[in-house]
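Colleague: File start.txt follows (compact mmCIF, C-alpha atoms and all ligand atoms):
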# COMPACT_ATOMS: atom_id res chain seq x y z
CA MET A 1104 59.84 55.91 59.03
CA GLY A 1105 62.53 57.04 56.64
CA GLY A 1106 62.80 54.92 53.51
CA ARG A 1107 62.34 51.80 55.51
CA ARG A 1108 59.55 49.39 54.65
CA ALA A 1109 57.31 48.83 57.66
CA LEU A 1110 57.23 45.40 59.29
CA ILE A 1111 54.29 44.28 61.39
CA ALA A 1112 55.21 40.98 63.04
CA GLY A 1113 52.97 38.65 65.02
CA ASN A 1114 54.45 36.50 67.77
CA TRP A 1115 52.09 33.64 68.53
CA LYS A 1116 54.27 32.47 71.43
CA MET A 1117 53.18 29.01 72.72
CA TYR A 1118 49.67 29.35 71.35
CA GLY A 1119 47.96 27.85 68.31
CA ARG A 1120 46.90 24.57 66.76
CA ARG A 1121 46.32 23.70 63.11
CA ALA A 1122 42.92 25.40 63.29
CA ALA A 1123 44.68 28.72 63.94
CA LEU A 1124 46.25 28.60 60.48
CA ALA A 1125 42.93 29.86 59.08
CA GLU A 1126 43.92 33.25 60.54
CA ILE A 1127 46.66 33.59 57.91
CA PRO A 1128 44.46 33.81 54.78
CA ALA A 1129 41.97 35.78 56.86
CA VAL A 1130 44.64 38.43 57.60
CA ALA A 1131 45.56 38.51 53.92
CA GLU A 1132 41.95 39.05 52.95
CA ARG A 1133 41.35 41.79 55.51
CA ILE A 1134 44.45 43.83 54.63
CA GLY A 1135 43.96 43.54 50.86
CA ALA A 1136 46.31 45.71 48.81
CA ALA A 1137 47.99 47.10 51.97
CA GLY A 1138 49.90 43.81 51.99
CA GLU A 1139 51.88 45.08 49.01
CA ARG A 1140 52.95 48.26 50.82
CA LEU A 1141 54.36 46.81 54.02
CA ASP A 1142 55.74 43.53 55.35
CA VAL A 1143 53.45 41.33 57.42
CA LEU A 1144 54.94 38.43 59.38
CA ILE A 1145 53.50 35.69 61.55
CA CYS A 1146 55.76 33.63 63.82
CA PRO A 1147 53.89 30.50 64.97
CA PRO A 1148 55.28 27.71 67.18
CA PHE A 1149 57.69 25.29 65.46
CA PRO A 1150 55.19 22.51 64.51
CA LEU A 1151 53.02 24.98 62.61
CA ILE A 1152 55.79 26.62 60.57
CA PRO A 1153 55.65 24.43 57.42
CA LEU A 1154 51.85 24.43 57.54
CA ALA A 1155 51.82 28.20 58.01
CA ALA A 1156 54.13 28.58 55.03
CA GLU A 1157 51.64 26.56 52.96
CA ALA A 1158 48.71 28.61 54.25
CA ALA A 1159 50.57 31.82 53.39
CA GLU A 1160 51.71 30.78 49.92
CA GLY A 1161 50.95 33.25 47.19
CA GLY A 1162 49.81 35.89 49.70
CA PRO A 1163 51.41 38.81 51.52
CA VAL A 1164 51.95 37.11 54.88
CA LEU A 1165 55.51 36.01 55.64
CA VAL A 1166 56.34 33.26 58.12
CA GLY A 1167 58.96 33.23 60.85
CA ALA A 1168 60.05 31.35 63.95
CA GLN A 1169 60.45 32.34 67.60
CA ASP A 1170 63.87 30.85 68.36
CA CYS A 1171 66.65 28.76 66.85
CA ALA A 1172 69.64 26.78 68.06
CA ALA A 1173 72.97 28.58 68.43
CA ASN A 1174 74.64 25.75 66.54
CA PRO A 1175 73.99 26.30 62.81
CA ALA A 1176 74.93 22.70 61.93
CA ASP A 1177 72.89 19.53 62.13
CA ALA A 1178 74.03 17.79 65.31
CA ALA A 1179 73.13 15.35 68.06
CA GLN A 1180 71.17 17.97 70.05
CA THR A 1181 67.92 16.37 71.14
CA GLY A 1182 65.03 18.79 71.16
CA ASP A 1183 66.78 21.61 69.30
CA VAL A 1184 65.93 23.11 65.92
CA ASN A 1185 68.56 24.89 63.85
CA ALA A 1186 68.13 27.92 61.63
CA ALA A 1187 68.71 25.98 58.40
CA MET A 1188 65.79 23.70 59.32
CA LEU A 1189 63.59 26.74 59.84
CA ALA A 1190 64.57 28.16 56.47
CA ASP A 1191 63.87 24.76 54.90
CA ALA A 1192 60.43 24.72 56.57
CA GLY A 1193 59.52 28.07 55.02
CA ALA A 1194 60.58 30.64 57.64
CA GLY A 1195 62.22 33.88 56.51
CA TYR A 1196 62.62 35.50 59.92
CA VAL A 1197 63.36 34.40 63.48
CA ILE A 1198 62.66 36.23 66.73
CA LEU A 1199 65.70 35.98 69.03
CA GLY A 1200 66.35 37.06 72.61
CA HIS A 1201 62.69 37.65 73.43
CA SER A 1202 62.40 38.65 77.09
CA GLU A 1203 60.43 35.47 77.82
CA ARG A 1204 63.43 33.43 76.65
CA ARG A 1205 65.86 35.68 78.48
CA THR A 1206 63.80 35.24 81.68
CA LEU A 1207 62.34 31.72 81.44
CA ARG A 1208 65.29 30.09 79.67
CA GLY A 1209 68.13 32.18 81.06
CA GLU A 1210 69.30 33.35 77.64
CA ALA A 1211 72.03 35.95 77.99
CA ASP A 1212 73.33 38.38 75.37
CA ALA A 1213 76.22 36.12 74.32
CA LEU A 1214 73.84 33.25 73.48
CA VAL A 1215 71.46 35.57 71.64
CA ARG A 1216 74.42 36.80 69.62
CA GLU A 1217 75.41 33.23 68.69
CA LYS A 1218 71.85 32.45 67.68
CA THR A 1219 71.72 35.63 65.61
CA SER A 1220 74.88 34.59 63.77
CA ALA A 1221 73.39 31.15 63.16
CA ALA A 1222 70.19 32.70 61.78
CA LEU A 1223 72.16 34.97 59.44
CA ALA A 1224 74.25 32.04 58.21
CA ALA A 1225 71.01 30.25 57.25
CA GLY A 1226 69.70 33.30 55.40
CA LEU A 1227 67.07 34.19 58.00
CA ALA A 1228 66.44 37.78 59.06
CA PRO A 1229 66.83 37.89 62.85
CA ILE A 1230 64.52 40.04 64.97
CA VAL A 1231 66.69 40.74 68.01
CA CYS A 1232 64.67 41.76 71.07
CA VAL A 1233 65.89 44.16 73.75
CA GLY A 1234 64.14 45.95 76.58
CA GLU A 1235 64.38 46.98 80.21
CA THR A 1236 62.46 45.73 83.24
CA ARG A 1237 60.21 47.96 85.32
CA GLU A 1238 62.88 48.21 88.03
CA GLN A 1239 65.55 49.19 85.52
CA ARG A 1240 63.32 51.93 84.10
CA ALA A 1241 62.48 53.20 87.58
CA ALA A 1242 66.20 53.39 88.31
CA GLY A 1243 66.79 55.49 85.20
CA GLN A 1244 68.71 52.67 83.51
CA ALA A 1245 66.46 51.93 80.51
CA GLY A 1246 68.80 53.43 77.93
CA ALA A 1247 71.93 51.87 79.38
CA VAL A 1248 70.29 48.44 79.59
CA VAL A 1249 69.08 48.57 76.00
CA ALA A 1250 72.47 49.80 74.73
CA ALA A 1251 74.26 46.97 76.55
CA GLN A 1252 71.82 44.35 75.20
CA LEU A 1253 72.30 45.66 71.67
CA ALA A 1254 76.08 45.61 71.97
CA GLY A 1255 76.04 42.09 73.39
CA SER A 1256 73.33 40.51 71.25
CA ILE A 1257 74.09 41.72 67.72
CA PRO A 1258 77.10 40.20 65.95
CA ASP A 1259 79.59 42.27 63.96
CA GLU A 1260 78.47 40.78 60.65
CA ALA A 1261 74.90 42.03 61.03
CA PRO A 1262 73.47 43.10 57.67
CA ALA A 1263 70.87 45.79 56.97
CA ALA A 1264 68.21 43.06 57.01
CA LEU A 1265 68.65 42.57 60.76
CA VAL A 1266 65.65 43.85 62.72
CA VAL A 1267 65.70 45.14 66.30
CA ALA A 1268 62.59 44.97 68.49
CA TYR A 1269 62.35 47.26 71.50
CA GLU A 1270 60.09 45.50 73.98
CA PRO A 1271 60.04 46.94 77.48
CA VAL A 1272 59.54 43.86 79.67
CA TRP A 1273 56.97 45.67 81.80
CA ALA A 1274 54.81 46.45 78.76
CA ILE A 1275 54.56 42.85 77.52
CA GLY A 1276 51.40 40.87 78.20
CA GLY A 1277 49.67 43.55 80.27
CA ASP A 1278 47.84 46.72 79.42
CA ARG A 1279 50.56 49.32 79.93
CA THR A 1280 52.68 50.88 77.21
CA PRO A 1281 55.40 53.52 77.50
CA SER A 1282 54.51 57.10 76.60
CA LEU A 1283 55.17 58.07 73.01
CA GLU A 1284 58.10 60.17 74.28
CA GLU A 1285 59.60 57.18 76.05
CA ILE A 1286 59.26 55.11 72.88
CA ALA A 1287 60.80 57.91 70.81
CA ASP A 1288 63.73 58.24 73.23
CA ILE A 1289 64.65 54.55 73.18
CA HIS A 1290 64.15 54.17 69.43
CA ALA A 1291 66.43 57.18 68.83
CA LEU A 1292 68.99 55.66 71.17
CA ILE A 1293 68.83 52.34 69.30
CA ARG A 1294 69.27 54.12 65.95
CA ALA A 1295 72.26 56.03 67.36
CA GLU A 1296 73.84 52.86 68.76
CA LEU A 1297 73.40 51.07 65.43
CA THR A 1298 74.87 54.07 63.59
CA GLY A 1299 77.88 54.17 65.89
CA ARG A 1300 78.54 50.51 65.32
CA PHE A 1301 77.55 49.90 61.69
CA GLY A 1302 77.69 53.33 60.05
CA THR A 1303 74.89 55.54 58.82
CA ALA A 1304 73.97 53.73 55.61
CA LYS A 1305 73.42 50.34 57.22
CA ALA A 1306 71.92 51.68 60.44
CA GLU A 1307 69.40 53.80 58.53
CA ALA A 1308 68.26 50.71 56.64
CA MET A 1309 67.77 48.54 59.73
CA ARG A 1310 64.23 48.36 61.02
CA ILE A 1311 63.40 48.98 64.67
CA LEU A 1312 60.07 47.61 65.90
CA TYR A 1313 58.17 48.52 69.04
CA GLY A 1314 56.60 45.64 71.00
CA GLY A 1315 54.57 45.35 74.19
CA SER A 1316 50.75 45.61 74.40
CA VAL A 1317 50.32 46.94 70.86
CA ASN A 1318 46.64 46.86 69.91
CA ALA A 1319 44.30 48.31 67.30
CA LYS A 1320 43.72 51.40 69.46
CA ASN A 1321 47.31 52.43 70.21
CA ALA A 1322 49.06 51.19 67.04
CA GLY A 1323 48.35 54.25 64.91
CA GLU A 1324 50.04 56.73 67.22
CA ILE A 1325 52.94 54.39 67.99
CA PHE A 1326 53.57 53.91 64.25
CA ARG A 1327 53.92 57.68 63.84
CA VAL A 1328 56.76 57.95 66.37
CA ALA A 1329 60.14 58.66 64.75
CA ASN A 1330 62.30 55.56 64.24
CA VAL A 1331 59.39 53.19 64.82
CA ASP A 1332 59.39 50.98 61.74
CA GLY A 1333 56.60 48.65 62.76
CA ALA A 1334 55.55 46.45 65.65
CA LEU A 1335 56.08 43.08 67.27
CA VAL A 1336 52.63 42.00 68.42
CA GLY A 1337 51.80 39.18 70.83
CA ARG A 1338 48.19 38.63 71.93
CA ALA A 1339 46.64 40.82 69.28
CA SER A 1340 48.29 38.79 66.50
CA LEU A 1341 46.35 35.64 67.40
CA ASN A 1342 43.23 36.56 65.52
CA ALA A 1343 42.93 38.05 62.07
CA ALA A 1344 40.53 40.85 62.97
CA ASP A 1345 42.78 42.35 65.66
CA PHE A 1346 46.02 41.82 63.74
CA ALA A 1347 44.63 43.24 60.50
CA ALA A 1348 43.33 46.30 62.36
CA ILE A 1349 46.87 46.94 63.65
CA ILE A 1350 48.35 46.51 60.17
CA LEU A 1351 45.78 48.86 58.67
CA ALA A 1352 46.59 51.47 61.34
CA HIS A 1353 50.05 51.91 59.80
CA PRO A 1354 50.32 55.05 57.68
CA ALA A 1355 51.92 53.02 54.87
CA ALA A 1356 48.86 50.76 54.67
P1 LIG B 1401 51.97 41.45 73.77
O1 LIG B 1401 53.34 40.65 73.52
O2 LIG B 1401 51.66 42.17 72.48
O3 LIG B 1401 50.97 40.39 74.09
O4 LIG B 1401 52.22 42.41 74.90
C1 LIG B 1401 54.38 41.23 72.77
C2 LIG B 1401 55.56 40.31 72.71
O5 LIG B 1401 55.90 39.67 73.72
O6 LIG B 1401 56.22 40.18 71.64
Here is the file; what I need is its structure written in the form of structure tokens.

Modeller:
Amino acid sequence: MGGRRALIAGNWKMYGRRAALAEIPAVAERIGAAGERLDVLICPPFPLIPLAAEAAEGGPVLVGAQDCAANPADAAQTGDVNAAMLADAGAGYVILGHSERRTLRGEADALVREKTSAALAAGLAPIVCVGETREQRAAGQAGAVVAAQLAGSIPDEAPAALVVAYEPVWAIGGDRTPSLEEIADIHALIRAELTGRFGTAKAEAMRILYGGSVNAKNAGEIFRVANVDGALVGRASLNAADFAAIILAHPAA
């Protein structure tokens, strides 16, 4: 964990209506003073972001988005949302290059890198997602795939506030997670890649999250793996009881 402040981030994906915003104060209430000792983030779908920011006001829960346009400027781009708009709506973070966007929307490293630059220009902290498929792991390519995604997706100007999320594609949305050794290996590799590129001081300050089927049962042991600075949580972030239990499983809580 180093000197890094833990970050437990919830990714609501394409779930949630206004009624779901009640989960935000409920999380705050359940985690109590632990909210002062680590960072808690919820990333709802776009329409809920300003409302989530209102629901979170004055409490420990931060609000983020799940994507942004590569173009940082306002433009005639029907259907797109730029990073400055997200910041204006109350977001402080944005998830980029999630495997669902890489797969369903064909986002490649170069586009993720452009989006990451756009997020940084707007003052958002990007959470850049990387991770191998089941086939790539079986072929012994997990490390090489993750290293290539990092190199391609993170721009040269990345600051210490940039967050990396290691999410093995085969662990998302199911009930399988890598072994703690496998998580440790990839997180060490990510730290080494960041160090090689950005130097020790910056790389040691960057947070690396694990994501993929994190739940209240497995979170505690995952959080104790070296170089795991928190989690990116999908399903279990949708209700306050499950998400708070994960947050409270962190040793810093
Ligand atoms: P999951 O999703 O926790 O539901 O596996 C994680 C993610 O996709 O960020």

Colleague: Using all atoms listed in the file, can you tell me which of A:Val1328, A:Val1130, A:Cys1146, A:Ile1257 comes closest to ligand LIG 1401 (chain B)?

Modeller: A:Cys1146

Colleague: Excluding Arg1108 (chain A) and its own-chain neighbours fewer than 5 positions away, which residues fall within 12 Å of it when counting only C-alpha atoms? Please give them as a list in words.

Modeller: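 Once the nearby chain positions are removed, what remains is Gly1138, Glu1139, Arg1140, Leu1141, Asp1142, Val1143, Ala1264, Val1266, Glu1307, Ala1308, Met1309, Arg1310, Ile1311, Leu1312, Asn1330, Val1331, Asp1332, Gly1333, His1353, Pro1354, Ala1355 and Ala1356 of chain A.
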
Colleague: List every residue of chain A that has an atom at most 10 Å from any atom of ligand LIG 1401 (chain B), giving for each one its closest atom pair and the distance in Å to one decimal, counting only C-alpha atoms and all ligand atoms, sorted by chain and then by ascending residue number, as a tab-separated table.

Modeller:
residue	atom	partner	partner_atom	distance
A:Ala1112	CA	B:LIG1401	O6	8.7
A:Gly1113	CA	B:LIG1401	O6	7.5
A:Asn1114	CA	B:LIG1401	O6	5.6
A:Trp1115	CA	B:LIG1401	O6	8.3
A:Lys1116	CA	B:LIG1401	O5	7.7
A:Gln1169	CA	B:LIG1401	O6	9.8
A:Ile1198	CA	B:LIG1401	O6	9.0
A:His1201	CA	B:LIG1401	O5	7.1
A:Ser1202	CA	B:LIG1401	O5	7.4
A:Glu1203	CA	B:LIG1401	O5	7.4
A:Cys1232	CA	B:LIG1401	O6	8.6
A:Ala1268	CA	B:LIG1401	O6	8.6
A:Tyr1269	CA	B:LIG1401	O6	9.4
A:Glu1270	CA	B:LIG1401	O6	7.0
A:Pro1271	CA	B:LIG1401	O5	9.2
A:Val1272	CA	B:LIG1401	O5	8.1
A:Trp1273	CA	B:LIG1401	O4	9.0
A:Ala1274	CA	B:LIG1401	O4	6.2
A:Ile1275	CA	B:LIG1401	O4	3.5
A:Gly1276	CA	B:LIG1401	O4	3.7
A:Gly1277	CA	B:LIG1401	O4	6.1
A:Asp1278	CA	B:LIG1401	O4	7.6
A:Arg1279	CA	B:LIG1401	O4	8.7
A:Thr1280	CA	B:LIG1401	O4	8.8
A:Tyr1313	CA	B:LIG1401	O6	9.0
A:Gly1314	CA	B:LIG1401	C1	5.2
A:Gly1315	CA	B:LIG1401	O4	3.8
A:Ser1316	CA	B:LIG1401	O4	3.6
A:Val1317	CA	B:LIG1401	O2	5.2
A:Asn1318	CA	B:LIG1401	O2	7.3
A:Ala1334	CA	B:LIG1401	O6	8.7
A:Leu1335	CA	B:LIG1401	O6	5.2
A:Val1336	CA	B:LIG1401	O2	4.2
A:Gly1337	CA	B:LIG1401	O2	3.4
A:Arg1338	CA	B:LIG1401	O3	3.9
A:Ala1339	CA	B:LIG1401	O2	6.1
A:Ser1340	CA	B:LIG1401	O2	7.7
A:Leu1341	CA	B:LIG1401	O3	9.4

Colleague: Between CA of Ala1136 (chain A) and CA of Ile1152 (chain A), what is the distance in Å, rounded to a tenth?

Modeller: 24.3 Å

Colleague: What's the 12 Å shell around Glu1296 (chain A), counting only C-alpha atoms, without same-chain residues fewer than 3 positions away, as a PyMOL selection string?

Modeller: chain A and resi 1246-1247+1249-1255+1257+1267+1289-1293+1299-1303+1305-1307+1309+1311

Colleague: Let me have the centre and edge lengths of the axis-aligned box enclosing all listed atoms of region 1310-1321 of chain A with 3 Å padding on every side, in Å to one decimal, as lines of an AutoDock Vina configuration file.

Modeller:
center_x = 54.0
center_y = 48.9
center_z = 67.7
size_x = 26.5
size_y = 13.1
size_z = 19.4

Colleague: Restricting the calculation to all atoms listed in the file: of A:Phe1326, A:Ala1352, A:Ala1156, A:Val1233, which residue gets closest to Ala1194 (chain A)?

Modeller: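 Between A:Phe1326, A:Ala1352, A:Ala1156, A:Val1233, the residue approaching Ala1194 (chain A) most closely is A:Ala1156.
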